[in-house]
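One file, work19.cif, carrying mmCIF, C-alpha atoms and all ligand atoms:
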data_entry
loop_
_atom_site.label_atom_id
_atom_site.label_comp_id
_atom_site.auth_asym_id
_atom_site.auth_seq_id
_atom_site.Cartn_x
_atom_site.Cartn_y
_atom_site.Cartn_z
CA MET A 1 23.88 18.91 18.16
CA LYS A 2 21.42 21.72 18.66
CA LYS A 3 17.93 21.83 17.19
CA TYR A 4 17.61 24.32 14.34
CA GLN A 5 14.74 25.97 16.16
CA GLU A 6 17.07 26.70 19.09
CA MET A 7 19.94 28.10 17.01
CA THR A 8 20.70 31.81 16.80
CA LYS A 9 20.51 33.52 13.46
CA ALA A 10 24.31 33.56 13.25
CA GLU A 11 24.47 29.82 13.92
CA LEU A 12 21.81 29.13 11.30
CA LEU A 13 23.66 31.24 8.74
CA GLN A 14 26.87 29.38 9.40
CA GLU A 15 25.08 26.05 9.06
CA LYS A 16 23.50 27.24 5.81
CA GLN A 17 26.84 28.22 4.35
CA GLN A 18 28.29 24.81 5.16
CA LEU A 19 25.28 22.98 3.72
CA GLU A 20 25.33 24.98 0.54
CA ALA A 21 28.95 24.03 -0.02
CA GLU A 22 28.11 20.39 0.66
CA TYR A 23 25.14 20.52 -1.71
CA LYS A 24 27.26 22.05 -4.48
CA LYS A 25 29.76 19.22 -4.15
CA ILE A 26 27.04 16.59 -4.29
CA LYS A 27 25.58 18.11 -7.44
CA GLU A 28 28.95 17.98 -9.12
CA ILE A 29 29.11 14.19 -8.69
CA GLY A 30 26.18 13.80 -11.13
CA LEU A 31 24.35 11.03 -9.29
CA GLN A 32 21.43 9.13 -10.78
CA LEU A 33 19.59 7.43 -7.95
CA ASN A 34 15.99 6.62 -7.14
CA MET A 35 14.14 6.31 -3.82
CA ALA A 36 10.68 6.63 -5.37
CA ARG A 37 9.99 3.09 -6.47
CA GLY A 38 7.98 0.89 -4.14
CA LYS A 39 9.29 -2.11 -6.00
CA PRO A 40 11.22 -5.21 -4.98
CA SER A 41 14.91 -5.23 -5.91
CA SER A 42 16.15 -7.75 -8.46
CA GLU A 43 17.73 -9.70 -5.58
CA GLN A 44 14.24 -10.14 -4.12
CA LEU A 45 12.85 -11.17 -7.49
CA ASP A 46 15.63 -13.75 -7.83
CA LEU A 47 14.14 -15.53 -4.81
CA SER A 48 11.10 -16.50 -6.89
CA MET A 49 12.84 -17.81 -10.00
CA ASP A 50 12.02 -21.43 -9.17
CA LEU A 51 8.38 -20.49 -9.52
CA LEU A 52 9.06 -20.76 -13.23
CA ASN A 53 10.28 -24.32 -12.92
CA VAL A 54 7.54 -25.92 -10.84
CA LEU A 55 5.48 -26.71 -13.90
CA THR A 56 7.06 -28.60 -16.76
CA LYS A 57 5.62 -29.70 -20.04
CA ASP A 58 5.35 -33.21 -18.68
CA ASP A 59 2.98 -32.00 -15.98
CA ILE A 60 -0.60 -32.58 -16.83
CA LEU A 61 -1.51 -29.18 -15.37
CA LYS A 62 -4.56 -30.54 -13.67
CA ALA A 63 -6.09 -28.78 -10.69
CA GLU A 64 -7.14 -30.84 -7.67
CA ASP A 65 -10.66 -31.22 -9.01
CA GLY A 66 -9.37 -32.48 -12.34
CA THR A 67 -9.72 -29.18 -14.20
CA ASP A 68 -7.26 -28.84 -17.05
CA CYS A 69 -5.64 -25.51 -16.20
CA ARG A 70 -4.51 -25.04 -19.78
CA ASN A 71 -8.05 -24.59 -20.96
CA TYR A 72 -10.93 -22.13 -20.55
CA GLY A 73 -13.13 -22.11 -17.50
CA ILE A 74 -13.28 -21.66 -13.72
CA MET A 75 -14.03 -17.95 -13.70
CA ASP A 76 -13.45 -17.52 -9.97
CA GLY A 77 -10.16 -19.40 -9.62
CA ILE A 78 -9.09 -22.97 -8.91
CA GLU A 79 -9.96 -24.25 -5.43
CA GLU A 80 -6.39 -24.66 -4.22
CA ALA A 81 -5.51 -21.07 -5.23
CA LYS A 82 -8.59 -19.83 -3.34
CA GLU A 83 -7.36 -21.79 -0.33
CA LEU A 84 -3.87 -20.24 -0.56
CA MET A 85 -5.15 -16.67 -0.89
CA ALA A 86 -7.70 -17.27 1.88
CA GLU A 87 -4.82 -18.26 4.15
CA VAL A 88 -2.93 -15.08 3.26
CA VAL A 89 -5.73 -12.88 4.59
CA GLY A 90 -7.12 -15.37 7.11
CA CYS A 91 -10.60 -15.93 5.67
CA LYS A 92 -12.55 -18.93 4.35
CA LYS A 93 -11.86 -20.09 0.81
CA GLU A 94 -15.60 -19.95 0.08
CA ASN A 95 -15.30 -16.17 0.37
CA VAL A 96 -12.55 -15.83 -2.22
CA ILE A 97 -12.40 -15.12 -5.94
CA VAL A 98 -8.95 -15.48 -7.48
CA TYR A 99 -8.43 -13.14 -10.40
CA GLY A 100 -5.46 -12.37 -12.63
CA ASN A 101 -2.25 -10.58 -11.88
CA SER A 102 -3.28 -7.33 -10.15
CA SER A 103 -5.34 -6.37 -7.13
CA LEU A 104 -5.42 -2.73 -8.21
CA ASN A 105 -7.22 -3.91 -11.30
CA ILE A 106 -9.86 -5.61 -9.12
CA MET A 107 -10.31 -2.42 -7.09
CA TYR A 108 -10.78 -0.40 -10.26
CA ASP A 109 -13.33 -2.95 -11.46
CA GLN A 110 -15.25 -2.80 -8.19
CA VAL A 111 -15.58 0.98 -8.41
CA ALA A 112 -16.39 0.84 -12.13
CA ARG A 113 -19.08 -1.77 -11.54
CA ALA A 114 -20.61 0.26 -8.72
CA GLU A 115 -20.66 3.27 -11.03
CA ILE A 116 -22.16 1.47 -14.01
CA PHE A 117 -24.42 -1.20 -12.52
CA GLY A 118 -24.74 -0.37 -8.82
CA ILE A 119 -23.88 -2.66 -5.92
CA CYS A 120 -26.32 -5.48 -5.10
CA GLY A 121 -29.26 -3.84 -6.88
CA ASN A 122 -28.66 -0.31 -5.58
CA THR A 123 -28.68 2.75 -7.83
CA PRO A 124 -25.53 3.00 -9.98
CA TRP A 125 -23.30 5.67 -8.51
CA SER A 126 -23.06 7.38 -11.88
CA LYS A 127 -26.81 8.15 -11.64
CA LEU A 128 -26.40 9.98 -8.32
CA ASP A 129 -25.68 13.69 -8.03
CA LYS A 130 -22.73 13.15 -5.77
CA VAL A 131 -20.67 10.22 -4.53
CA LYS A 132 -18.02 10.62 -1.84
CA PHE A 133 -15.17 8.44 -0.62
CA LEU A 134 -13.20 8.75 2.58
CA CYS A 135 -9.46 8.73 2.06
CA PRO A 136 -7.19 8.13 5.04
CA VAL A 137 -4.12 10.32 4.53
CA PRO A 138 -1.36 9.91 3.78
CA GLY A 139 -2.38 6.95 1.64
CA TYR A 140 -1.76 5.08 -1.61
CA ASP A 141 -1.82 7.43 -4.60
CA ARG A 142 -3.26 4.85 -6.99
CA HIS A 143 -6.33 4.36 -4.78
CA PHE A 144 -6.98 8.07 -4.98
CA LYS A 145 -6.45 8.08 -8.73
CA ILE A 146 -9.20 5.49 -9.16
CA THR A 147 -11.79 7.51 -7.25
CA GLN A 148 -10.64 10.74 -8.91
CA THR A 149 -11.02 9.17 -12.36
CA PHE A 150 -14.68 8.42 -11.65
CA GLY A 151 -15.33 11.96 -10.40
CA ILE A 152 -15.89 10.76 -6.84
CA GLU A 153 -15.35 13.48 -4.25
CA MET A 154 -12.57 12.53 -1.86
CA ILE A 155 -12.52 13.53 1.79
CA ASN A 156 -9.28 13.41 3.75
CA ILE A 157 -9.32 11.45 7.00
CA PRO A 158 -6.17 11.89 9.11
CA MET A 159 -4.31 8.75 10.11
CA THR A 160 -3.40 8.08 13.73
CA SER A 161 -0.97 5.47 15.04
CA GLU A 162 -3.95 3.05 15.27
CA GLY A 163 -5.46 3.64 11.83
CA PRO A 164 -7.80 6.28 10.42
CA ASP A 165 -9.43 8.75 12.82
CA MET A 166 -12.52 6.66 13.58
CA ASP A 167 -14.55 9.49 15.14
CA LEU A 168 -14.45 11.21 11.77
CA VAL A 169 -15.07 8.00 9.82
CA GLU A 170 -18.16 7.25 11.94
CA LYS A 171 -19.40 10.82 11.60
CA TYR A 172 -19.24 10.74 7.81
CA VAL A 173 -20.32 7.16 7.14
CA ASN A 174 -23.18 7.06 9.63
CA ASN A 175 -24.68 10.41 8.63
CA ASP A 176 -24.10 11.01 4.94
CA GLU A 177 -25.59 8.59 2.43
CA ARG A 178 -23.46 10.10 -0.31
CA VAL A 179 -20.43 8.53 1.39
CA LYS A 180 -20.14 5.21 -0.45
CA GLY A 181 -16.70 3.95 0.42
CA ILE A 182 -13.37 4.25 2.17
CA TRP A 183 -9.89 3.17 1.10
CA CYS A 184 -8.01 1.23 3.78
CA VAL A 185 -4.59 -0.43 3.90
CA PRO A 186 -4.99 -2.07 7.30
CA LYS A 187 -1.58 -3.67 7.76
CA TYR A 188 1.74 -1.86 7.25
CA SER A 189 -0.11 0.92 5.47
CA ASN A 190 1.32 2.63 2.42
CA PRO A 191 3.17 4.89 3.19
CA GLN A 192 3.28 5.09 7.01
CA GLY A 193 3.50 1.41 7.96
CA VAL A 194 0.58 1.82 10.38
CA VAL A 195 -1.17 -1.31 11.63
CA TYR A 196 -4.87 -0.92 12.44
CA SER A 197 -5.58 -1.70 16.09
CA ASP A 198 -8.27 -4.21 17.12
CA GLU A 199 -10.43 -1.33 18.27
CA THR A 200 -10.14 0.35 14.87
CA VAL A 201 -11.11 -2.85 13.04
CA ARG A 202 -14.07 -3.37 15.39
CA ARG A 203 -15.23 0.20 14.94
CA PHE A 204 -15.08 -0.31 11.18
CA ALA A 205 -17.14 -3.49 11.47
CA ASN A 206 -19.69 -1.74 13.65
CA LEU A 207 -20.29 1.24 11.38
CA LYS A 208 -23.94 2.05 10.76
CA PRO A 209 -23.72 3.42 7.21
CA ALA A 210 -26.36 5.83 6.02
CA ALA A 211 -25.85 4.36 2.52
CA LYS A 212 -26.99 0.76 1.97
CA ASP A 213 -24.27 0.37 -0.64
CA PHE A 214 -21.43 1.74 1.47
CA ARG A 215 -18.38 -0.55 1.20
CA ILE A 216 -15.01 -0.64 2.92
CA PHE A 217 -12.27 -1.18 0.32
CA TRP A 218 -9.90 -3.17 2.56
CA ASP A 219 -6.64 -3.44 0.64
CA ASN A 220 -4.64 -6.00 2.58
CA ALA A 221 -1.67 -5.56 0.22
CA TYR A 222 0.99 -6.11 2.89
CA ALA A 223 -0.60 -8.99 4.81
CA VAL A 224 2.59 -11.10 4.92
CA HIS A 225 5.22 -8.39 4.49
CA HIS A 226 6.88 -8.40 7.91
CA LEU A 227 10.40 -7.08 8.44
CA TYR A 228 11.02 -8.91 11.70
CA GLU A 229 10.54 -12.48 12.85
CA ASP A 230 9.78 -11.45 16.42
CA ASN A 231 7.63 -8.40 15.76
CA GLN A 232 4.87 -9.34 13.37
CA ALA A 233 1.62 -7.46 13.22
CA GLU A 234 -1.67 -9.33 13.28
CA ILE A 235 -4.93 -7.60 12.56
CA LEU A 236 -8.44 -8.80 13.28
CA ASN A 237 -10.22 -10.51 10.41
CA ILE A 238 -12.47 -7.83 8.93
CA LEU A 239 -14.86 -10.30 7.24
CA ASP A 240 -15.51 -12.08 10.55
CA GLU A 241 -15.86 -8.85 12.49
CA CYS A 242 -18.31 -7.42 9.96
CA ALA A 243 -20.36 -10.63 10.05
CA LYS A 244 -20.40 -10.58 13.86
CA ALA A 245 -21.53 -6.96 13.84
CA GLY A 246 -24.44 -7.75 11.50
CA ASN A 247 -22.73 -6.05 8.54
CA PRO A 248 -21.61 -9.08 6.50
CA ASP A 249 -21.75 -7.29 3.16
CA MET A 250 -19.91 -4.11 4.12
CA VAL A 251 -16.39 -5.04 3.00
CA TYR A 252 -14.40 -5.97 -0.08
CA GLN A 253 -10.95 -7.28 0.82
CA PHE A 254 -8.12 -7.29 -1.72
CA CYS A 255 -4.70 -8.92 -1.78
CA SER A 256 -2.11 -10.18 -4.23
CA THR A 257 1.25 -11.87 -4.47
CA SER A 258 2.72 -8.90 -6.36
CA LYS A 259 5.33 -8.19 -3.71
CA VAL A 260 5.64 -11.85 -2.76
CA THR A 261 6.65 -13.29 -6.15
CA PHE A 262 6.65 -11.09 -9.27
CA PRO A 263 4.84 -7.75 -9.46
CA GLY A 264 2.72 -7.92 -12.57
CA ALA A 265 2.99 -11.70 -12.75
CA GLY A 266 1.56 -12.81 -9.43
CA ILE A 267 -2.01 -13.73 -8.53
CA ALA A 268 -4.60 -11.43 -6.99
CA ALA A 269 -7.76 -12.09 -5.02
CA LEU A 270 -10.88 -10.52 -3.65
CA SER A 271 -12.64 -11.82 -0.55
CA SER A 272 -16.11 -10.82 0.57
CA SER A 273 -19.54 -12.09 1.69
CA GLU A 274 -21.59 -14.63 -0.23
CA GLU A 275 -24.04 -11.92 -1.27
CA ASN A 276 -21.30 -9.65 -2.62
CA LEU A 277 -19.59 -12.53 -4.44
CA LYS A 278 -22.88 -13.43 -6.12
CA ASP A 279 -23.30 -9.81 -7.22
CA ILE A 280 -19.73 -9.63 -8.55
CA LYS A 281 -19.83 -12.98 -10.33
CA SER A 282 -23.01 -12.03 -12.16
CA LYS A 283 -20.99 -9.38 -14.00
CA LEU A 284 -17.58 -11.04 -13.97
CA THR A 285 -18.97 -13.88 -16.02
CA VAL A 286 -19.55 -11.40 -18.83
CA GLN A 287 -16.04 -9.98 -18.49
CA THR A 288 -14.02 -13.19 -18.65
CA ILE A 289 -14.20 -16.93 -19.14
CA GLY A 290 -11.45 -17.31 -16.61
CA HIS A 291 -8.13 -15.89 -15.47
CA ASP A 292 -4.66 -17.43 -15.77
CA LYS A 293 -5.13 -20.77 -14.02
CA ILE A 294 -1.65 -21.94 -14.98
CA ASN A 295 -0.19 -19.14 -12.90
CA GLN A 296 -2.59 -19.95 -10.08
CA LEU A 297 -1.48 -23.58 -10.17
CA ARG A 298 2.17 -22.53 -10.35
CA HIS A 299 1.83 -20.42 -7.21
CA VAL A 300 0.11 -23.22 -5.33
CA LYS A 301 2.70 -25.81 -6.37
CA TYR A 302 5.51 -23.47 -5.45
CA PHE A 303 4.28 -22.39 -2.00
CA LYS A 304 2.01 -25.34 -1.11
CA ASN A 305 0.46 -23.36 1.75
CA ILE A 306 0.81 -20.30 3.94
CA ASP A 307 3.90 -21.74 5.61
CA GLY A 308 5.62 -21.76 2.23
CA ILE A 309 4.72 -18.09 1.77
CA LYS A 310 5.92 -17.24 5.29
CA ALA A 311 9.28 -18.93 4.72
CA HIS A 312 9.63 -17.08 1.41
CA MET A 313 8.75 -13.74 2.98
CA LYS A 314 11.36 -14.29 5.66
CA LYS A 315 13.96 -14.45 2.89
CA GLN A 316 12.56 -11.26 1.40
CA ALA A 317 12.75 -9.60 4.83
CA ASP A 318 16.39 -10.64 5.22
CA ILE A 319 17.16 -8.69 2.04
CA ILE A 320 15.19 -5.53 2.76
CA ARG A 321 15.51 -5.22 6.56
CA PRO A 322 19.13 -3.96 6.40
CA LYS A 323 17.99 -1.28 3.95
CA PHE A 324 15.24 -0.04 6.26
CA GLU A 325 17.59 -0.16 9.23
CA MET A 326 20.37 1.73 7.50
CA LEU A 327 17.95 4.44 6.37
CA ILE A 328 16.43 4.78 9.85
CA ASP A 329 19.87 4.81 11.52
CA MET A 330 21.03 7.61 9.23
CA LEU A 331 17.88 9.64 9.87
CA ASN A 332 18.22 9.08 13.61
CA GLU A 333 21.77 10.25 13.56
CA GLU A 334 21.50 13.23 11.22
CA ILE A 335 17.93 14.49 11.31
CA LYS A 336 16.42 13.65 14.70
CA PRO A 337 18.77 15.79 16.83
CA LEU A 338 18.05 18.82 14.63
CA GLY A 339 14.28 18.62 15.16
CA ILE A 340 13.55 18.88 11.45
CA GLY A 341 11.76 15.62 10.70
CA ASN A 342 9.62 12.84 12.12
CA TRP A 343 8.82 9.31 11.04
CA VAL A 344 7.65 6.04 12.54
CA ASP A 345 10.04 3.10 12.31
CA PRO A 346 8.06 0.58 10.25
CA VAL A 347 8.09 -3.13 11.11
CA GLY A 348 6.66 -4.17 7.76
CA GLY A 349 5.52 -3.01 4.34
CA TYR A 350 7.53 -1.10 1.80
CA PHE A 351 7.95 2.49 2.93
CA VAL A 352 9.20 5.00 5.44
CA CYS A 353 7.02 8.09 5.68
CA PHE A 354 9.05 11.19 6.47
CA GLU A 355 7.38 14.31 7.87
CA SER A 356 9.47 17.39 7.27
CA LEU A 357 8.91 20.82 8.78
CA GLU A 358 5.74 22.32 7.31
CA GLY A 359 6.17 23.92 3.91
CA CYS A 360 9.39 22.05 3.09
CA ALA A 361 8.52 18.76 1.35
CA LYS A 362 8.19 20.07 -2.19
CA GLU A 363 11.45 21.94 -1.97
CA ILE A 364 13.36 19.03 -0.41
CA ILE A 365 12.15 16.74 -3.20
CA GLY A 366 13.08 19.38 -5.80
CA LYS A 367 16.56 19.79 -4.37
CA CYS A 368 17.05 16.01 -4.32
CA LYS A 369 16.01 15.87 -7.97
CA GLU A 370 18.48 18.60 -8.88
CA ALA A 371 21.19 16.56 -7.19
CA GLY A 372 20.22 13.41 -9.11
CA VAL A 373 18.02 11.64 -6.54
CA THR A 374 14.42 10.96 -7.52
CA MET A 375 11.91 10.83 -4.67
CA THR A 376 8.14 10.16 -4.83
CA GLY A 377 6.47 13.41 -5.94
CA ALA A 378 5.39 15.81 -3.21
CA GLY A 379 1.69 15.49 -2.49
CA ALA A 380 1.41 12.04 -4.12
CA PRO A 381 0.09 10.34 -0.95
CA PHE A 382 -2.90 12.74 -0.87
CA PRO A 383 -6.13 12.99 -2.89
CA TYR A 384 -5.73 15.41 -5.80
CA GLY A 385 -1.98 15.45 -5.02
CA LYS A 386 -2.58 18.12 -2.38
CA ASP A 387 -0.58 17.95 0.82
CA GLU A 388 -1.93 20.98 2.70
CA LYS A 389 1.04 21.02 5.08
CA ASP A 390 3.58 20.29 2.34
CA SER A 391 5.43 18.02 4.74
CA THR A 392 4.96 14.36 3.72
CA ILE A 393 7.70 12.54 1.82
CA ARG A 394 7.40 8.86 0.96
CA ILE A 395 10.72 7.05 0.97
CA ALA A 396 10.98 3.68 -0.76
CA PRO A 397 14.16 1.89 0.31
CA THR A 398 13.69 -1.57 -1.21
CA TYR A 399 14.72 -1.12 -4.83
CA PRO A 400 18.21 0.49 -4.69
CA SER A 401 21.26 -1.49 -3.60
CA MET A 402 22.64 -0.79 -0.11
CA ASP A 403 25.34 1.35 -1.62
CA GLU A 404 22.94 3.35 -3.77
CA LEU A 405 20.53 3.73 -0.87
CA LYS A 406 23.30 5.06 1.37
CA LYS A 407 24.30 7.67 -1.20
CA ALA A 408 20.71 8.64 -1.91
CA THR A 409 19.96 8.98 1.80
CA GLU A 410 23.01 11.20 2.26
CA VAL A 411 21.68 13.48 -0.46
CA PHE A 412 18.21 13.45 1.08
CA ILE A 413 19.64 14.38 4.46
CA THR A 414 21.68 17.28 3.07
CA CYS A 415 18.67 18.59 1.13
CA THR A 416 16.40 18.27 4.17
CA LYS A 417 18.88 20.19 6.31
CA LEU A 418 19.37 22.90 3.70
CA VAL A 419 15.67 23.50 3.10
CA SER A 420 14.94 23.38 6.85
CA VAL A 421 17.70 25.82 7.73
CA ASN A 422 16.27 28.26 5.19
CA LYS A 423 12.81 27.75 6.67
CA CYS A 424 14.09 28.55 10.16
CA LEU A 425 15.74 31.68 8.82
CA GLU A 426 12.48 33.03 7.35
N1 LIG A 501 -2.23 -1.78 -2.90
C1 LIG A 501 -1.24 -1.15 -2.27
C2 LIG A 501 -1.49 -0.56 -0.93
C3 LIG A 501 0.01 -1.04 -2.86
O1 LIG A 501 0.99 -0.39 -2.21
C4 LIG A 501 0.22 -1.60 -4.14
C5 LIG A 501 1.51 -1.49 -4.81
O2 LIG A 501 2.37 -0.74 -4.45
C6 LIG A 501 -0.84 -2.24 -4.76
C7 LIG A 501 -2.06 -2.33 -4.12
C8 LIG A 501 -0.70 -2.84 -6.14
O3 LIG A 501 -1.11 -4.15 -6.09
P1 LIG A 501 -1.16 -5.09 -7.38
O4 LIG A 501 0.20 -5.24 -7.89
O5 LIG A 501 -1.75 -6.35 -6.84
O6 LIG A 501 -2.08 -4.44 -8.38
#
Could you spell out this file's structure in structure tokens?
Ligand code: PLP
Amino acid sequence: MKKYQEMTKAELLQEKQQLEAEYKKIKEIGLQLNMARGKPSSEQLDLSMDLLNVLTKDDILKAEDGTDCRNYGIMDGIEEAKELMAEVVGCKKENVIVYGNSSLNIMYDQVARAEIFGICGNTPWSKLDKVKFLCPVPGYDRHFKITQTFGIEMINIPMTSEGPDMDLVEKYVNNDERVKGIWCVPKYSNPQGVVYSDETVRRFANLKPAAKDFRIFWDNAYAVHHLYEDNQAEILNILDECAKAGNPDMVYQFCSTSKVTFPGAGIAALSSSEENLKDIKSKLTVQTIGHDKINQLRHVKYFKNIDGIKAHMKKQADIIRPKFEMLIDMLNEEIKPLGIGNWVDPVGGYFVCFESLEGCAKEIIGKCKEAGVTMTGAGAPFPYGKDEKDSTIRIAPTYPSMDELKKATEVFITCTKLVSVNKCLE
């Protein structure tokens, strides 16, 4: 197979004609498939059904310290749930608050609180002329939506294979006191699957922020979401590194069991320094008398400890790994030799991030849609939905069945070829 860039005009035209015929046939089938949803499949959800049976009405629903989990109280989570979530991210349970069912909700709250009340006695962000956030790109669209909603100016920071470009991060954070935060997904990032290197984590911990209330929003959403038994990423513990560097209060870490048990019905946690927790609790106590302790207890009884979670996640990996591998194999076979796309083979997380030729992503996604395959919207992984190069496409292979995924990938491949061939003919 020849790269499109090396083909003559006549060869490209011939290829185009063939692809157009193929595309027409696909459209006639009337498919209805979806590769946009970063959700577990129902087969994965089935793995957690026994979670619903670990508590029965004969249980007294008492936490270890005797708390009756059926009743009000314990605003920051039962001790054993703190312990479990601390193990997930590798911190001390004293640094954890266990919330309700969503980590995104905690992130929103953190930004809202900073806006309304200020962080640890600092000026509320809403009273400042300008507040800026650094946004490693491509990234998680819902992070960017939070900062956009509060009118925070977002600055793109390119990702490298080791994490965000730290020269740029240091330049902004250390020199501009209007820069108040950065969104990070340090392990198996959404959407690229990048794992932050030790050097990146240390450089984060050693930042010298111009703003006293600068915080790293460390969203460790995929802490236990490995695809392989023998190739599992470990990242340095950001709370420890920040403490060692004399910046104990610089980070809020988030995690949840959304993609471990049931999205929307798991448990979520924040971990941070003693000072930050004190600041947060002073407001949280007004917001709630306590979260769902029955669900916290249920998760602890079901998993017991981190080993229980690891064993469970191995079963999840056994379901989704073949999907990732099939997708990557098909791309390797059909796209790589033509020189019309790049991606990094992920070893964890939920996505494959496809980089098309510049100026092609929107059209590829549009053509897929026309042929009945829904992809994540073009530009979604960027602040304000703006992908300057129009080349990033997030592929989510977990939700469809193998058969559906195969068909959807075939459509994606045809559309990518067709749009790329037209690009090379321009
Ligand atoms: N953070 C990241 C990076 C995600 O990809 C997702 C879901 O896709 C979430 C957070 C959502 O987490 P939760 O369900 O705990 O709100």
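In this comparison, which uses all atoms listed in the file, the residue of A:Lys278, A:Arg178, A:Lys407, A:Arg203 approaching Gly121 in chain A most closely is A:Lys278.
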Would you pick out the contacts of Val185 in chain A at 12 Å or less, using only C-alpha atoms, so that residues sharing its chain but fewer than 4 positions from it are not included, and give the list as a PyMOL selection string? chain A and resi 135-141+143+159+162-164+189-196+201+216-223+235+238+252-255+349
Restricting the output to C-alpha atoms, write the selected residues as a PDB file, in the frame of the given file.
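And here is the file that came out, selection_24.pdb:
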ATOM      1  CA  CYS A 135      -9.460   8.730   2.060  1.00  0.00           C
ATOM      2  CA  PRO A 136      -7.190   8.130   5.040  1.00  0.00           C
ATOM      3  CA  VAL A 137      -4.120  10.320   4.530  1.00  0.00           C
ATOM      4  CA  PRO A 138      -1.360   9.910   3.780  1.00  0.00           C
ATOM      5  CA  GLY A 139      -2.380   6.950   1.640  1.00  0.00           C
ATOM      6  CA  TYR A 140      -1.760   5.080  -1.610  1.00  0.00           C
ATOM      7  CA  ASP A 141      -1.820   7.430  -4.600  1.00  0.00           C
ATOM      8  CA  HIS A 143      -6.330   4.360  -4.780  1.00  0.00           C
ATOM      9  CA  MET A 159      -4.310   8.750  10.110  1.00  0.00           C
ATOM     10  CA  GLU A 162      -3.950   3.050  15.270  1.00  0.00           C
ATOM     11  CA  GLY A 163      -5.460   3.640  11.830  1.00  0.00           C
ATOM     12  CA  PRO A 164      -7.800   6.280  10.420  1.00  0.00           C
ATOM     13  CA  SER A 189      -0.110   0.920   5.470  1.00  0.00           C
ATOM     14  CA  ASN A 190       1.320   2.630   2.420  1.00  0.00           C
ATOM     15  CA  PRO A 191       3.170   4.890   3.190  1.00  0.00           C
ATOM     16  CA  GLN A 192       3.280   5.090   7.010  1.00  0.00           C
ATOM     17  CA  GLY A 193       3.500   1.410   7.960  1.00  0.00           C
ATOM     18  CA  VAL A 194       0.580   1.820  10.380  1.00  0.00           C
ATOM     19  CA  VAL A 195      -1.170  -1.310  11.630  1.00  0.00           C
ATOM     20  CA  TYR A 196      -4.870  -0.920  12.440  1.00  0.00           C
ATOM     21  CA  VAL A 201     -11.110  -2.850  13.040  1.00  0.00           C
ATOM     22  CA  ILE A 216     -15.010  -0.640   2.920  1.00  0.00           C
ATOM     23  CA  PHE A 217     -12.270  -1.180   0.320  1.00  0.00           C
ATOM     24  CA  TRP A 218      -9.900  -3.170   2.560  1.00  0.00           C
ATOM     25  CA  ASP A 219      -6.640  -3.440   0.640  1.00  0.00           C
ATOM     26  CA  ASN A 220      -4.640  -6.000   2.580  1.00  0.00           C
ATOM     27  CA  ALA A 221      -1.670  -5.560   0.220  1.00  0.00           C
ATOM     28  CA  TYR A 222       0.990  -6.110   2.890  1.00  0.00           C
ATOM     29  CA  ALA A 223      -0.600  -8.990   4.810  1.00  0.00           C
ATOM     30  CA  ILE A 235      -4.930  -7.600  12.560  1.00  0.00           C
ATOM     31  CA  ILE A 238     -12.470  -7.830   8.930  1.00  0.00           C
ATOM     32  CA  TYR A 252     -14.400  -5.970  -0.080  1.00  0.00           C
ATOM     33  CA  GLN A 253     -10.950  -7.280   0.820  1.00  0.00           C
ATOM     34  CA  PHE A 254      -8.120  -7.290  -1.720  1.00  0.00           C
ATOM     35  CA  CYS A 255      -4.700  -8.920  -1.780  1.00  0.00           C
ATOM     36  CA  GLY A 349       5.520  -3.010   4.340  1.00  0.00           C
TER      37      GLY A 349
END
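Using all atoms listed in the file, the shortest contact distance between Glu234 in chain A and any of A:Val347, A:Cys69, A:Cys120, A:Ala408 is found at A:Val347.
Distance-wise, CA of Val286 in chain A and CA of Arg113 in chain A end up 12.1 Å apart.
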Neighbouring residues of Lys93 in chain A were defined as those with any atom within 10 Å, considering only C-alpha atoms; residues of the same chain fewer than 2 positions away were excluded. Please report them as a list in words. Glu79, Glu80, Ala81, Lys82, Glu83, Leu84, Met85, Ala86, Glu87, Gly90, Cys91, Asn95, Val96, Ile97, Val98 and Ser271 of chain A
Give me, as a compact mmCIF listing (two decimals) with C-alpha atoms, in the frame of the given file, all polymer residues having an atom no more than 12 Å from Phe412 in chain A, counting all atoms listed in the file and skipping those fewer than 5 positions away in the same chain.
# COMPACT_ATOMS: atom_id res chain seq x y z
CA TYR A 23 25.14 20.52 -1.71
CA ILE A 26 27.04 16.59 -4.29
CA LEU A 33 19.59 7.43 -7.95
CA ASN A 34 15.99 6.62 -7.14
CA MET A 35 14.14 6.31 -3.82
CA LEU A 327 17.95 4.44 6.37
CA MET A 330 21.03 7.61 9.23
CA LEU A 331 17.88 9.64 9.87
CA GLU A 334 21.50 13.23 11.22
CA ILE A 335 17.93 14.49 11.31
CA GLY A 341 11.76 15.62 10.70
CA PHE A 354 9.05 11.19 6.47
CA SER A 356 9.47 17.39 7.27
CA ALA A 361 8.52 18.76 1.35
CA GLU A 363 11.45 21.94 -1.97
CA ILE A 364 13.36 19.03 -0.41
CA ILE A 365 12.15 16.74 -3.20
CA GLY A 366 13.08 19.38 -5.80
CA LYS A 367 16.56 19.79 -4.37
CA CYS A 368 17.05 16.01 -4.32
CA LYS A 369 16.01 15.87 -7.97
CA GLU A 370 18.48 18.60 -8.88
CA ALA A 371 21.19 16.56 -7.19
CA GLY A 372 20.22 13.41 -9.11
CA VAL A 373 18.02 11.64 -6.54
CA THR A 374 14.42 10.96 -7.52
CA MET A 375 11.91 10.83 -4.67
CA ILE A 393 7.70 12.54 1.82
CA ARG A 394 7.40 8.86 0.96
CA ILE A 395 10.72 7.05 0.97
CA LEU A 405 20.53 3.73 -0.87
CA LYS A 406 23.30 5.06 1.37
CA LYS A 407 24.30 7.67 -1.20
CA LYS A 417 18.88 20.19 6.31
CA LEU A 418 19.37 22.90 3.70
CA VAL A 419 15.67 23.50 3.10
CA SER A 420 14.94 23.38 6.85
